[in-house]
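Novice: Structure file coords.cif (mmCIF, C-alpha atoms and all ligand atoms) right here:
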```
data_target
#
loop_
_atom_site.label_atom_id
_atom_site.label_comp_id
_atom_site.auth_asym_id
_atom_site.auth_seq_id
_atom_site.Cartn_x
_atom_site.Cartn_y
_atom_site.Cartn_z
CA MET A 1 18.19 17.80 6.46
CA TYR A 2 16.78 14.46 5.33
CA ILE A 3 14.01 13.18 3.08
CA CYS A 4 12.08 10.21 4.45
CA ILE A 5 10.17 8.08 1.94
CA LEU A 6 7.05 6.92 3.72
CA GLY A 7 5.54 3.43 3.54
CA ARG A 8 2.26 2.13 2.15
CA GLN A 9 0.22 4.04 4.72
CA PRO A 10 1.91 7.49 4.78
CA GLU A 11 -0.27 8.91 7.61
CA ILE A 12 0.84 6.13 9.95
CA SER A 13 4.47 6.38 8.86
CA PHE A 14 4.44 10.13 9.45
CA ALA A 15 2.86 9.74 12.89
CA GLU A 16 5.68 7.32 13.76
CA LEU A 17 8.35 9.81 12.62
CA GLU A 18 6.72 12.55 14.71
CA ALA A 19 6.69 10.24 17.71
CA VAL A 20 10.39 9.51 17.34
CA PHE A 21 11.84 12.87 16.19
CA GLY A 22 9.27 15.36 17.52
CA LYS A 23 6.65 17.35 15.58
CA ALA A 24 8.79 20.50 15.32
CA ASN A 25 11.40 18.76 13.14
CA LEU A 26 9.07 17.35 10.50
CA LYS A 27 6.96 18.40 7.54
CA HIS A 28 4.68 16.09 5.57
CA PHE A 29 4.29 16.20 1.78
CA GLY A 30 2.25 13.23 0.52
CA LYS A 31 4.55 10.23 0.30
CA ILE A 32 7.56 12.00 1.78
CA ALA A 33 8.52 13.78 4.97
CA VAL A 34 11.26 16.36 5.37
CA LEU A 35 13.18 15.79 8.59
CA ASP A 36 15.30 18.61 9.97
CA VAL A 37 17.85 16.98 12.30
CA GLU A 38 21.66 17.12 12.43
CA ASP A 39 22.32 13.45 12.07
CA ILE A 40 20.57 10.11 11.75
CA SER A 41 22.18 6.74 12.45
CA ALA A 42 21.58 3.35 10.83
CA ARG A 43 20.32 2.09 14.17
CA GLN A 44 17.76 4.89 14.42
CA PHE A 45 16.58 4.02 10.92
CA GLU A 46 16.36 0.27 11.65
CA ARG A 47 13.96 1.02 14.51
CA LEU A 48 11.45 2.69 12.17
CA GLY A 49 8.79 0.42 10.70
CA GLY A 50 7.08 2.96 8.46
CA THR A 51 9.94 4.63 6.57
CA ILE A 52 11.20 2.90 3.42
CA LYS A 53 14.23 5.08 2.61
CA ILE A 54 16.12 7.97 4.12
CA ALA A 55 18.16 10.30 1.91
CA GLU A 56 20.38 13.20 2.92
CA VAL A 57 19.67 16.50 1.16
CA ILE A 58 22.88 17.55 -0.60
CA SER A 59 21.71 20.50 -2.71
CA ASN A 60 18.70 22.63 -3.57
CA ASP A 61 19.52 22.47 -7.29
CA TRP A 62 18.81 19.28 -9.27
CA ASN A 63 21.50 20.26 -11.81
CA ASP A 64 24.14 19.86 -9.10
CA ILE A 65 23.95 16.10 -9.60
CA MET A 66 26.96 16.36 -11.96
CA SER A 67 29.19 17.65 -9.19
CA PHE A 68 28.49 14.53 -7.10
CA LEU A 69 29.55 12.12 -9.84
CA PRO A 70 33.17 10.99 -10.22
CA GLU A 71 34.95 12.77 -13.12
CA SER A 72 36.52 9.55 -14.31
CA GLY A 73 36.12 5.84 -13.67
CA LYS A 74 32.97 3.78 -13.67
CA ALA A 75 29.91 4.72 -11.64
CA VAL A 76 26.43 3.26 -11.28
CA VAL A 77 23.55 5.65 -10.59
CA GLY A 78 19.90 5.18 -9.78
CA LEU A 79 17.45 8.04 -10.09
CA SER A 80 14.19 8.38 -8.16
CA SER A 81 11.76 11.22 -7.95
CA TYR A 82 9.21 12.00 -5.25
CA ASN A 83 6.56 14.67 -5.00
CA THR A 84 7.48 16.14 -8.40
CA ASN A 85 5.92 15.89 -11.85
CA LEU A 86 8.99 14.07 -13.20
CA ASN A 87 7.89 10.70 -14.58
CA ALA A 88 10.02 7.71 -15.62
CA LYS A 89 10.42 9.09 -19.15
CA THR A 90 11.70 12.47 -17.94
CA LEU A 91 14.12 10.75 -15.58
CA THR A 92 15.47 8.72 -18.52
CA LYS A 93 15.96 11.98 -20.47
CA ILE A 94 17.89 13.44 -17.53
CA ALA A 95 20.05 10.29 -17.42
CA VAL A 96 20.77 10.52 -21.17
CA ALA A 97 21.77 14.20 -20.80
CA ILE A 98 24.14 13.37 -17.91
CA LYS A 99 25.67 10.47 -19.85
CA LYS A 100 26.73 12.87 -22.59
CA HIS A 101 29.16 14.46 -20.13
CA ARG A 102 30.01 11.38 -18.06
CA LYS A 103 30.35 8.47 -20.49
CA SER A 104 31.41 5.95 -17.83
CA VAL A 105 28.26 6.35 -15.75
CA ARG A 106 25.73 3.51 -16.01
CA PHE A 107 22.15 4.33 -15.03
CA VAL A 108 19.90 1.67 -13.50
CA PRO A 109 17.03 1.21 -15.98
CA ASN A 110 13.61 1.81 -14.48
CA LYS A 111 10.03 1.78 -15.72
CA LYS A 112 8.81 3.74 -12.70
CA SER A 113 9.68 7.13 -11.29
CA ASP A 114 11.31 5.58 -8.21
CA LEU A 115 13.54 2.61 -7.46
CA SER A 116 12.34 -0.10 -5.11
CA SER A 117 14.37 -1.38 -2.14
CA ALA A 118 15.01 -4.61 -4.10
CA GLN A 119 16.47 -2.64 -7.07
CA ILE A 120 18.69 -0.61 -4.76
CA ILE A 121 19.96 -3.72 -2.97
CA HIS A 122 20.46 -5.64 -6.23
CA ASN A 123 22.52 -2.79 -7.75
CA LYS A 124 24.37 -2.16 -4.45
CA LEU A 125 23.57 1.57 -4.62
CA ILE A 126 24.26 2.15 -0.93
CA GLY A 127 27.55 2.03 0.94
CA SER A 128 29.82 2.04 -2.08
CA ASP A 129 32.16 4.81 -3.36
CA ASN A 130 30.99 4.72 -6.96
CA LYS A 131 27.36 3.60 -6.73
CA PHE A 132 24.57 5.95 -5.70
CA GLU A 133 20.87 6.57 -5.67
CA PHE A 134 19.96 10.22 -6.12
CA ILE A 135 16.55 11.54 -5.25
CA LEU A 136 14.97 14.52 -6.95
CA ALA A 137 12.20 15.87 -4.74
CA GLU A 138 10.09 18.94 -4.23
CA ALA A 139 8.57 20.25 -1.02
CA ASP A 140 6.81 23.57 -0.49
CA GLY A 141 7.93 24.67 -3.97
CA ALA A 142 11.61 24.09 -3.12
CA LYS A 143 13.69 21.61 -5.12
CA MET A 144 15.89 19.13 -3.28
CA LEU A 145 18.62 16.81 -4.45
CA ALA A 146 19.31 14.02 -1.98
CA GLN A 147 21.46 10.92 -1.75
CA THR A 148 19.98 7.76 -0.27
CA LEU A 149 21.68 6.61 2.93
CA TYR A 150 19.41 3.87 4.23
CA ILE A 151 16.75 1.55 2.86
CA GLN A 152 14.61 -1.00 4.66
CA ASP A 153 16.26 -4.39 5.01
CA ILE A 154 13.59 -6.45 3.27
CA LYS A 155 15.45 -9.72 3.90
CA SER A 156 15.56 -9.12 7.64
CA TYR A 157 11.84 -8.21 7.81
CA SER A 158 10.93 -11.29 5.80
CA ASN A 159 13.04 -13.50 8.11
CA ARG A 160 11.42 -11.93 11.20
CA ASP A 161 8.01 -12.67 9.68
CA TYR A 162 8.30 -15.97 7.77
CA GLY A 163 11.48 -17.38 9.28
CA ARG A 164 10.05 -17.82 12.79
CA PRO A 165 9.44 -21.42 13.85
CA ARG A 166 5.82 -20.77 14.92
CA ARG A 167 3.19 -18.89 12.94
CA ASP A 168 -0.57 -18.96 13.34
CA ALA A 169 -2.83 -18.03 10.44
CA LYS A 170 -5.99 -18.27 12.60
CA ASN A 171 -5.01 -15.39 14.86
CA GLY A 172 -3.62 -13.35 12.02
CA MET A 173 -0.07 -12.15 11.98
CA LEU A 174 0.99 -8.66 12.76
CA PRO A 175 3.66 -7.50 10.28
CA PRO A 176 6.94 -6.79 12.16
CA LYS A 177 7.01 -3.28 10.63
CA LEU A 178 3.62 -2.49 12.13
CA ALA A 179 4.77 -3.80 15.51
CA GLN A 180 7.75 -1.40 15.37
CA ILE A 181 5.44 1.50 14.49
CA MET A 182 3.16 0.65 17.42
CA ILE A 183 6.08 0.48 19.86
CA ASN A 184 7.37 3.84 18.64
CA LEU A 185 3.90 5.39 18.93
CA ALA A 186 3.55 4.13 22.49
CA VAL A 187 7.01 5.18 23.67
CA GLN A 188 7.11 8.59 21.86
CA ASP A 189 10.19 10.75 22.38
CA THR A 190 10.15 10.20 26.11
CA LYS A 191 13.39 9.54 27.93
CA SER A 192 12.67 5.82 27.64
CA ARG A 193 13.73 6.03 24.02
CA HIS A 194 17.45 5.95 24.80
CA ASP A 195 19.15 3.71 22.29
CA LEU A 196 19.13 0.30 23.85
CA ASP A 197 21.70 -2.03 22.34
CA PRO A 198 19.84 -5.35 22.12
CA SER A 199 22.99 -7.46 22.07
CA LYS A 200 24.34 -6.11 25.37
CA LYS A 201 23.85 -8.19 28.47
CA ARG A 202 21.10 -6.68 30.56
CA ALA A 203 22.57 -6.84 33.99
CA LYS A 204 20.03 -4.49 35.53
CA PRO A 205 16.62 -5.44 34.20
CA LYS A 206 14.96 -2.84 36.42
CA THR A 207 16.55 0.03 34.52
CA ILE A 208 15.23 -1.19 31.16
CA PRO A 209 11.61 -0.42 30.30
CA VAL A 210 9.23 -3.37 29.99
CA ILE A 211 6.70 -3.64 27.19
CA LEU A 212 3.61 -5.68 27.94
CA ASP A 213 1.54 -7.37 25.24
CA PRO A 214 -1.54 -8.89 26.94
CA PHE A 215 -2.75 -10.47 23.63
CA CYS A 216 0.69 -11.67 22.57
CA GLY A 217 -0.33 -14.46 20.12
CA THR A 218 2.84 -15.62 18.36
CA GLY A 219 4.81 -12.74 19.91
CA VAL A 220 5.55 -10.32 17.04
CA VAL A 221 5.26 -7.23 19.30
CA LEU A 222 7.53 -8.83 21.90
CA GLN A 223 10.04 -9.87 19.24
CA GLU A 224 10.30 -6.35 17.83
CA ALA A 225 10.40 -4.80 21.32
CA ALA A 226 13.30 -7.13 22.25
CA LEU A 227 15.14 -6.15 19.06
CA MET A 228 14.63 -2.49 19.92
CA GLY A 229 16.22 -3.15 23.30
CA TYR A 230 13.28 -3.49 25.69
CA ASN A 231 12.46 -6.24 28.14
CA VAL A 232 9.22 -8.03 27.37
CA TYR A 233 6.15 -9.39 29.15
CA GLY A 234 3.58 -11.36 27.18
CA THR A 235 0.30 -12.92 28.18
CA ASP A 236 -2.42 -14.65 26.16
CA ILE A 237 -5.59 -16.56 27.00
CA GLU A 238 -4.38 -19.63 25.08
CA GLN A 239 -1.58 -21.90 26.32
CA LYS A 240 -0.82 -22.78 22.69
CA MET A 241 -0.03 -19.14 21.87
CA ILE A 242 2.25 -18.83 24.89
CA ASP A 243 4.10 -21.98 23.74
CA PHE A 244 4.42 -20.43 20.27
CA THR A 245 5.81 -17.20 21.70
CA ILE A 246 8.31 -19.10 23.87
CA ALA A 247 9.58 -20.95 20.79
CA ASN A 248 9.70 -17.78 18.69
CA LEU A 249 11.58 -15.74 21.29
CA LYS A 250 14.06 -18.58 21.81
CA TRP A 251 14.67 -18.56 18.05
CA LEU A 252 15.04 -14.77 18.06
CA SER A 253 17.54 -14.75 20.86
CA ALA A 254 19.70 -17.42 19.13
CA SER A 255 19.39 -16.20 15.53
CA HIS A 256 19.70 -12.46 16.22
CA LYS A 257 22.02 -12.71 19.23
CA VAL A 258 19.78 -10.52 21.35
CA ASN A 259 19.75 -10.58 25.07
CA PHE A 260 16.58 -9.68 26.95
CA PHE A 261 14.45 -10.54 29.96
CA GLU A 262 11.11 -12.08 29.18
CA LYS A 263 8.08 -13.17 31.14
CA LEU A 264 5.33 -15.18 29.47
CA GLU A 265 2.20 -16.55 31.05
CA VAL A 266 -1.33 -17.65 30.27
CA GLY A 267 -4.03 -15.22 31.33
CA ASP A 268 -7.30 -13.58 30.41
CA ALA A 269 -6.62 -9.90 29.73
CA THR A 270 -10.06 -8.97 31.06
CA LYS A 271 -9.32 -10.43 34.52
CA MET A 272 -5.65 -11.07 35.13
CA ASN A 273 -3.17 -9.40 37.41
CA TRP A 274 0.11 -8.52 35.72
CA GLN A 275 3.16 -8.60 37.97
CA PRO A 276 5.29 -6.51 38.04
CA VAL A 277 3.93 -3.25 36.68
CA MET A 278 4.92 -2.58 33.08
CA ASP A 279 6.10 0.66 31.46
CA PHE A 280 4.27 0.54 28.12
CA VAL A 281 1.42 -1.56 26.75
CA VAL A 282 1.46 -2.50 23.07
CA ALA A 283 -1.01 -5.03 21.70
CA GLU A 284 -3.11 -6.20 18.82
CA THR A 285 -6.35 -7.21 20.49
CA SER A 286 -8.48 -9.98 19.03
CA LEU A 287 -9.67 -8.88 15.57
CA GLY A 288 -12.91 -10.86 15.89
CA LYS A 289 -14.27 -12.95 13.03
CA PRO A 290 -12.13 -13.10 9.90
CA TYR A 291 -14.28 -12.20 6.86
CA PHE A 292 -13.50 -13.29 3.31
CA VAL A 293 -16.92 -12.16 2.00
CA GLU A 294 -18.89 -9.22 3.33
CA PRO A 295 -21.09 -10.16 6.33
CA THR A 296 -24.68 -9.00 6.75
CA ILE A 297 -24.98 -5.82 8.81
CA GLU A 298 -26.62 -7.80 11.63
CA ALA A 299 -23.76 -10.34 11.72
CA LEU A 300 -21.24 -7.49 11.69
CA ARG A 301 -23.11 -5.76 14.53
CA GLN A 302 -22.85 -8.89 16.72
CA ASN A 303 -19.13 -9.20 15.96
CA VAL A 304 -18.44 -5.50 16.65
CA LYS A 305 -20.33 -5.80 19.94
CA LYS A 306 -18.16 -8.74 21.01
CA CYS A 307 -14.91 -6.96 20.08
CA ASN A 308 -16.08 -3.81 21.87
CA LYS A 309 -16.77 -5.75 25.04
CA LEU A 310 -13.36 -7.42 25.02
CA VAL A 311 -11.49 -4.11 24.60
CA GLU A 312 -13.66 -2.39 27.23
CA LYS A 313 -13.20 -5.15 29.81
CA PHE A 314 -9.46 -5.28 29.15
CA LEU A 315 -9.03 -1.51 29.54
CA GLU A 316 -11.11 -1.57 32.75
CA ASN A 317 -8.98 -4.37 34.19
CA LEU A 318 -5.70 -2.71 33.21
CA TYR A 319 -6.60 0.72 34.62
CA SER A 320 -5.80 0.14 38.29
CA GLN A 321 -2.62 -1.79 37.45
CA ILE A 322 -0.74 0.94 35.56
CA LYS A 323 0.69 4.25 36.70
CA LYS A 324 -0.83 7.58 35.66
CA ASP A 325 0.43 8.75 32.25
CA THR A 326 1.33 5.21 31.14
CA ARG A 327 1.10 5.07 27.35
CA LEU A 328 -0.52 2.37 25.26
CA CYS A 329 -0.72 1.61 21.57
CA LEU A 330 -3.47 -0.82 20.59
CA ALA A 331 -4.36 -2.21 17.19
CA VAL A 332 -8.10 -2.86 17.31
CA PRO A 333 -10.33 -4.12 14.49
CA ALA A 334 -11.96 -1.71 12.03
CA TRP A 335 -14.21 -2.91 9.20
CA ASN A 336 -15.08 -1.82 5.70
CA VAL A 337 -18.43 -3.24 4.59
CA GLY A 338 -20.42 -1.97 1.60
CA GLY A 339 -17.91 0.87 1.17
CA LYS A 340 -18.60 2.12 4.71
CA ASN A 341 -16.12 2.20 7.58
CA TYR A 342 -17.14 0.74 10.95
CA ARG A 343 -15.11 1.45 14.10
CA LEU A 344 -15.37 0.21 17.67
CA SER A 345 -17.84 2.43 19.54
CA ILE A 346 -15.68 2.17 22.66
CA ILE A 347 -13.32 4.66 20.96
CA ARG A 348 -15.84 7.41 21.75
CA ARG A 349 -15.96 6.43 25.43
CA LEU A 350 -12.26 6.07 26.19
CA LYS A 351 -12.29 9.09 28.52
CA ASP A 352 -14.96 7.44 30.69
CA LEU A 353 -12.62 4.47 31.08
CA GLY A 354 -9.72 6.72 32.12
CA TYR A 355 -7.77 6.87 28.87
CA GLU A 356 -7.05 9.90 26.74
CA GLN A 357 -6.58 9.32 23.03
CA GLN A 358 -3.41 11.05 21.85
CA LYS A 359 -3.71 13.29 18.79
CA VAL A 360 -1.02 11.70 16.67
CA SER A 361 -2.82 12.32 13.37
CA ALA A 362 -5.70 14.41 12.03
CA LYS A 363 -7.45 11.29 10.71
CA PRO A 364 -7.94 7.87 12.35
CA LEU A 365 -4.84 5.71 11.81
CA LEU A 366 -6.26 2.91 9.69
CA TYR A 367 -4.00 0.08 8.55
CA ARG A 368 -5.80 -1.85 5.86
CA ARG A 369 -5.36 -3.00 2.28
CA LYS A 370 -7.90 -1.65 -0.20
CA ASP A 371 -9.83 -4.93 -0.59
CA GLN A 372 -9.65 -5.97 3.09
CA ILE A 373 -12.89 -6.23 5.09
CA VAL A 374 -11.20 -6.42 8.49
CA GLY A 375 -8.42 -3.89 9.00
CA ARG A 376 -6.76 -2.42 12.07
CA GLU A 377 -7.13 0.95 13.71
CA LEU A 378 -4.23 2.14 15.84
CA LEU A 379 -5.15 3.82 19.10
CA VAL A 380 -2.50 5.70 21.02
CA LEU A 381 -3.70 6.19 24.60
CA LYS A 382 -2.53 7.62 27.89
CA LYS A 383 -3.90 6.75 31.30
CA VAL A 384 -5.58 9.79 32.88
CA LYS A 385 -8.00 10.38 35.74
CA LYS A 386 -11.40 8.83 35.04
CA THR A 387 -14.15 11.28 34.23
CA ALA A 388 -16.72 11.93 36.94
CA LYS A 389 -19.40 10.18 34.90
CA MET A 390 -17.68 6.82 35.30
CA GLU A 391 -16.85 7.31 39.00
CA ASP A 392 -20.52 8.17 39.67
CA LYS A 393 -21.66 5.02 37.90
CA LYS A 394 -19.56 2.90 40.26
CA GLU A 395 -21.03 4.34 43.45
C1 LIG B 1 -4.99 -10.94 16.76
S1 LIG B 1 -4.20 -12.07 17.81
C2 LIG B 1 -2.67 -11.29 18.19
C3 LIG B 1 -1.59 -11.76 17.26
C4 LIG B 1 -0.26 -11.27 17.67
N1 LIG B 1 -0.09 -9.85 17.50
C5 LIG B 1 0.87 -12.03 16.98
O1 LIG B 1 1.91 -11.41 16.76
O2 LIG B 1 0.75 -13.19 16.68
C6 LIG B 1 -5.12 -11.89 19.29
C7 LIG B 1 -4.67 -12.81 20.42
O3 LIG B 1 -5.48 -12.49 21.54
C8 LIG B 1 -5.73 -13.68 22.26
N2 LIG B 1 -6.92 -13.43 23.09
C9 LIG B 1 -8.23 -13.41 22.73
N3 LIG B 1 -8.99 -13.10 23.80
C10 LIG B 1 -8.16 -12.88 24.84
C11 LIG B 1 -8.32 -12.53 26.20
N4 LIG B 1 -9.54 -12.32 26.73
N5 LIG B 1 -7.23 -12.38 26.96
C12 LIG B 1 -5.98 -12.60 26.47
N6 LIG B 1 -5.77 -12.97 25.19
C13 LIG B 1 -6.84 -13.10 24.39
C14 LIG B 1 -5.86 -14.75 21.21
O4 LIG B 1 -5.56 -16.03 21.73
C15 LIG B 1 -4.85 -14.30 20.16
O5 LIG B 1 -3.63 -14.94 20.34
#
```
Represent the structure of the file as structure tokens.

Specialist:
Amino acid sequence: MYICILGRQPEISFAELEAVFGKANLKHFGKIAVLDVEDISARQFERLGGTIKIAEVISNDWNDIMSFLPESGKAVVGLSSYNTNLNAKTLTKIAVAIKKHRKSVRFVPNKKSDLSSAQIIHNKLIGSDNKFEFILAEADGAKMLAQTLYIQDIKSYSNRDYGRPRRDAKNGMLPPKLAQIMINLAVQDTKSRHDLDPSKKRAKPKTIPVILDPFCGTGVVLQEAALMGYNVYGTDIEQKMIDFTIANLKWLSASHKVNFFEKLEVGDATKMNWQPVMDFVVAETSLGKPYFVEPTIEALRQNVKKCNKLVEKFLENLYSQIKKDTRLCLAVPAWNVGGKNYRLSIIRRLKDLGYEQQKVSAKPLLYRRKDQIVGRELLVLKKVKKTAKMEDKKE
């Protein structure tokens, strides 16, 4: 049994975990999820964009912490608490009480009730015999003591974001973590999720699923897909963006020693023919006008209309080119103006276009900072038969 500490947007992180490990194995409690599986590998963890830490449950009694500490010799311990009413002060009291019995234990000082990834890395609390992070958590009234096994590699994410040779502020930049989440949401726990070792030579490209991003921009989705072991196909209406993606994927392949097949070409997603057929579609469509101050409702209306049209035309064009049941994950724009949320109206008509929205969460999956006007809504879709209404219209 494991405790997963969820990222900034817990609903999205939980949906990703459900996609990867299956609904039956998971329970959600605010900022944490309890995952009931036998084993979890570092590689499985690295492929998750929305989970910050994973800790293995070692007892259902917080007092058992003493039995996991060495009787003699130095030890360094970090304490974090999730989903409990233990605050930083109470954790310090617990640390003082433990120190009375184990004088050689040093506790990592903390002003908060949980340690950040940077604190854990700095104090080397993972992968060492005498350094640990223990988590005190509560779920469904049950207490859990857990030891942290994995934390997100912040250096690697930062390198995959800021270390790339080509970035483009105008088109916005999808965080690599969000790209991973979107890939996981599209693929789900289908048989295509076999663990693909990205460093292995891909002798048989046909046996490896292809992820298409028809709005590839600087190529963040393709980069993360390649790292997860997929082959990639990217298209964009601008030659400049294709050149950027070529440079970025060349950098990725050299710096991360990954081996993958790629196809990149210029094309308008509302008209083009993709060859050959792809297995999954993952894309951040154009987010429309960037807003730094709130627009008038009329200006917003015009912008929403334009974004709606682009997504509609793209989905119409894609429909006949993908097999039934093909899964997509799209990040489309969603706005917050005057405290009100605005979504693309096309979301209500997806069925008419031949796509079924997958119920991956009770609420819309919105990815947006509190003060942001333009955020992203994640849509997880599956190609289905078009409804009669749409077929009639065509005749
Ligand atoms: C929000 S950006 C995507 C950024 C991308 N996720 C990245 O990692 O850099 C949207 C991209 O869609 C492209 N685009 C806009 N309209 C398009 C169309 N009709 N067909 C194909 N690409 C289009 C833009 O050139 C831009 O690169």

Novice: For Ala75 of chain A, list every protein, DNA or RNA residue within 10 Å, evaluated using all atoms listed in the file, and leave out those in the same chain fewer than 6 positions away; present the list as a VMD selection string.

Specialist: chain A and resid 69 102 to 107 125 128 to 132

Novice: Just the residues within 7 Å of segment 29-37 of chain A, please, counting only C-alpha atoms, with nothing from its chain fewer than 5 positions along; format it as a compact mmCIF listing (two decimals) with C-alpha atoms, keeping the file's coordinate frame.

Specialist:
```
# COMPACT_ATOMS: atom_id res chain seq x y z
CA MET A 1 18.19 17.80 6.46
CA TYR A 2 16.78 14.46 5.33
CA ILE A 3 14.01 13.18 3.08
CA CYS A 4 12.08 10.21 4.45
CA ILE A 5 10.17 8.08 1.94
CA LEU A 6 7.05 6.92 3.72
CA PRO A 10 1.91 7.49 4.78
CA ALA A 139 8.57 20.25 -1.02
```

Novice: Near Val221 of chain A, counting only C-alpha atoms, which residues have an atom at most 10 Å away, once you skip same-chain residues fewer than 3 positions from it, shown as number ranges by chain?

Specialist: A: 174-183, 211-213, 215-218, 224-227, 232, 234, 282-284

Novice: Could you please take those selected residues and save C-alpha atoms as a PDB file, keeping the file's coordinate frame?

Specialist:
```pdb
ATOM      1  CA  LEU A 174       0.990  -8.660  12.760  1.00  0.00           C
ATOM      2  CA  PRO A 175       3.660  -7.500  10.280  1.00  0.00           C
ATOM      3  CA  PRO A 176       6.940  -6.790  12.160  1.00  0.00           C
ATOM      4  CA  LYS A 177       7.010  -3.280  10.630  1.00  0.00           C
ATOM      5  CA  LEU A 178       3.620  -2.490  12.130  1.00  0.00           C
ATOM      6  CA  ALA A 179       4.770  -3.800  15.510  1.00  0.00           C
ATOM      7  CA  GLN A 180       7.750  -1.400  15.370  1.00  0.00           C
ATOM      8  CA  ILE A 181       5.440   1.500  14.490  1.00  0.00           C
ATOM      9  CA  MET A 182       3.160   0.650  17.420  1.00  0.00           C
ATOM     10  CA  ILE A 183       6.080   0.480  19.860  1.00  0.00           C
ATOM     11  CA  ILE A 211       6.700  -3.640  27.190  1.00  0.00           C
ATOM     12  CA  LEU A 212       3.610  -5.680  27.940  1.00  0.00           C
ATOM     13  CA  ASP A 213       1.540  -7.370  25.240  1.00  0.00           C
ATOM     14  CA  PHE A 215      -2.750 -10.470  23.630  1.00  0.00           C
ATOM     15  CA  CYS A 216       0.690 -11.670  22.570  1.00  0.00           C
ATOM     16  CA  GLY A 217      -0.330 -14.460  20.120  1.00  0.00           C
ATOM     17  CA  THR A 218       2.840 -15.620  18.360  1.00  0.00           C
ATOM     18  CA  GLU A 224      10.300  -6.350  17.830  1.00  0.00           C
ATOM     19  CA  ALA A 225      10.400  -4.800  21.320  1.00  0.00           C
ATOM     20  CA  ALA A 226      13.300  -7.130  22.250  1.00  0.00           C
ATOM     21  CA  LEU A 227      15.140  -6.150  19.060  1.00  0.00           C
ATOM     22  CA  VAL A 232       9.220  -8.030  27.370  1.00  0.00           C
ATOM     23  CA  GLY A 234       3.580 -11.360  27.180  1.00  0.00           C
ATOM     24  CA  VAL A 282       1.460  -2.500  23.070  1.00  0.00           C
ATOM     25  CA  ALA A 283      -1.010  -5.030  21.700  1.00  0.00           C
ATOM     26  CA  GLU A 284      -3.110  -6.200  18.820  1.00  0.00           C
TER      27      GLU A 284
END
```

Novice: Rounded to one decimal in Å, what is the spacing between atom CA of Lys385 of chain A and atom CA of Gly267 of chain A?

Specialist: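 The value is 26.3 Å.
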
Novice: What does the list of residues within 9 Å of ligand LIG 1 (chain B) look like if you count all atoms listed in the file, written as a compact mmCIF listing (two decimals) with C-alpha atoms, in the frame of the given file?

Specialist:
```txt
# COMPACT_ATOMS: atom_id res chain seq x y z
CA ARG A 167 3.19 -18.89 12.94
CA ASP A 168 -0.57 -18.96 13.34
CA ALA A 169 -2.83 -18.03 10.44
CA LYS A 170 -5.99 -18.27 12.60
CA ASN A 171 -5.01 -15.39 14.86
CA GLY A 172 -3.62 -13.35 12.02
CA MET A 173 -0.07 -12.15 11.98
CA LEU A 174 0.99 -8.66 12.76
CA PRO A 175 3.66 -7.50 10.28
CA PRO A 176 6.94 -6.79 12.16
CA ALA A 179 4.77 -3.80 15.51
CA ASP A 213 1.54 -7.37 25.24
CA PRO A 214 -1.54 -8.89 26.94
CA PHE A 215 -2.75 -10.47 23.63
CA CYS A 216 0.69 -11.67 22.57
CA GLY A 217 -0.33 -14.46 20.12
CA THR A 218 2.84 -15.62 18.36
CA GLY A 219 4.81 -12.74 19.91
CA VAL A 220 5.55 -10.32 17.04
CA VAL A 221 5.26 -7.23 19.30
CA LEU A 222 7.53 -8.83 21.90
CA GLN A 223 10.04 -9.87 19.24
CA THR A 235 0.30 -12.92 28.18
CA ASP A 236 -2.42 -14.65 26.16
CA ILE A 237 -5.59 -16.56 27.00
CA GLU A 238 -4.38 -19.63 25.08
CA GLN A 239 -1.58 -21.90 26.32
CA LYS A 240 -0.82 -22.78 22.69
CA MET A 241 -0.03 -19.14 21.87
CA ILE A 242 2.25 -18.83 24.89
CA PHE A 244 4.42 -20.43 20.27
CA THR A 245 5.81 -17.20 21.70
CA VAL A 266 -1.33 -17.65 30.27
CA GLY A 267 -4.03 -15.22 31.33
CA ASP A 268 -7.30 -13.58 30.41
CA ALA A 269 -6.62 -9.90 29.73
CA THR A 270 -10.06 -8.97 31.06
CA LYS A 271 -9.32 -10.43 34.52
CA MET A 272 -5.65 -11.07 35.13
CA ALA A 283 -1.01 -5.03 21.70
CA GLU A 284 -3.11 -6.20 18.82
CA THR A 285 -6.35 -7.21 20.49
CA SER A 286 -8.48 -9.98 19.03
CA LEU A 287 -9.67 -8.88 15.57
CA GLY A 288 -12.91 -10.86 15.89
CA LEU A 310 -13.36 -7.42 25.02
CA VAL A 311 -11.49 -4.11 24.60
CA LYS A 313 -13.20 -5.15 29.81
CA PHE A 314 -9.46 -5.28 29.15
CA ALA A 331 -4.36 -2.21 17.19
CA VAL A 332 -8.10 -2.86 17.31
CA PRO A 333 -10.33 -4.12 14.49
```

Novice: Quick one: of A:Val281, A:Ala299, A:Leu185, A:Ile121, who's nearest to Ser13 of chain A, counting all atoms listed in the file?

Specialist: A:Leu185

Novice: Nearest residue to Ala19 of chain A out of A:Gln188, A:Leu315, A:Cys329, A:Ser67, using only C-alpha atoms?

Specialist: A:Gln188

Novice: Near segment 81-84 of chain A, within 7 Å and counting all atoms listed in the file, which residues show up once chain neighbours fewer than 5 positions away are dropped, as an MDAnalysis selection string?

Specialist: chainID A and resid 113:114 135:138

Novice: What's the separation between atom CA of Ser80 of chain A and atom CA of Lys27 of chain A, in Å to one decimal place?

Specialist: 20.0 Å

Novice: Using atom CA of Leu26 of chain A and atom CA of Arg160 of chain A as the two end points, give the distance in Å to one decimal.

Specialist: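 Computing the Euclidean distance for atom CA of Leu26 of chain A and atom CA of Arg160 of chain A yields 29.4 Å.
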
Novice: Given the choices A:Pro109, A:Val76, A:Ile94, A:Lys143, which gets closest to Asn60 of chain A if the distance is worked out from only C-alpha atoms?

Specialist: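 Among A:Pro109, A:Val76, A:Ile94, A:Lys143, it is A:Lys143 that comes nearest to Asn60 of chain A.
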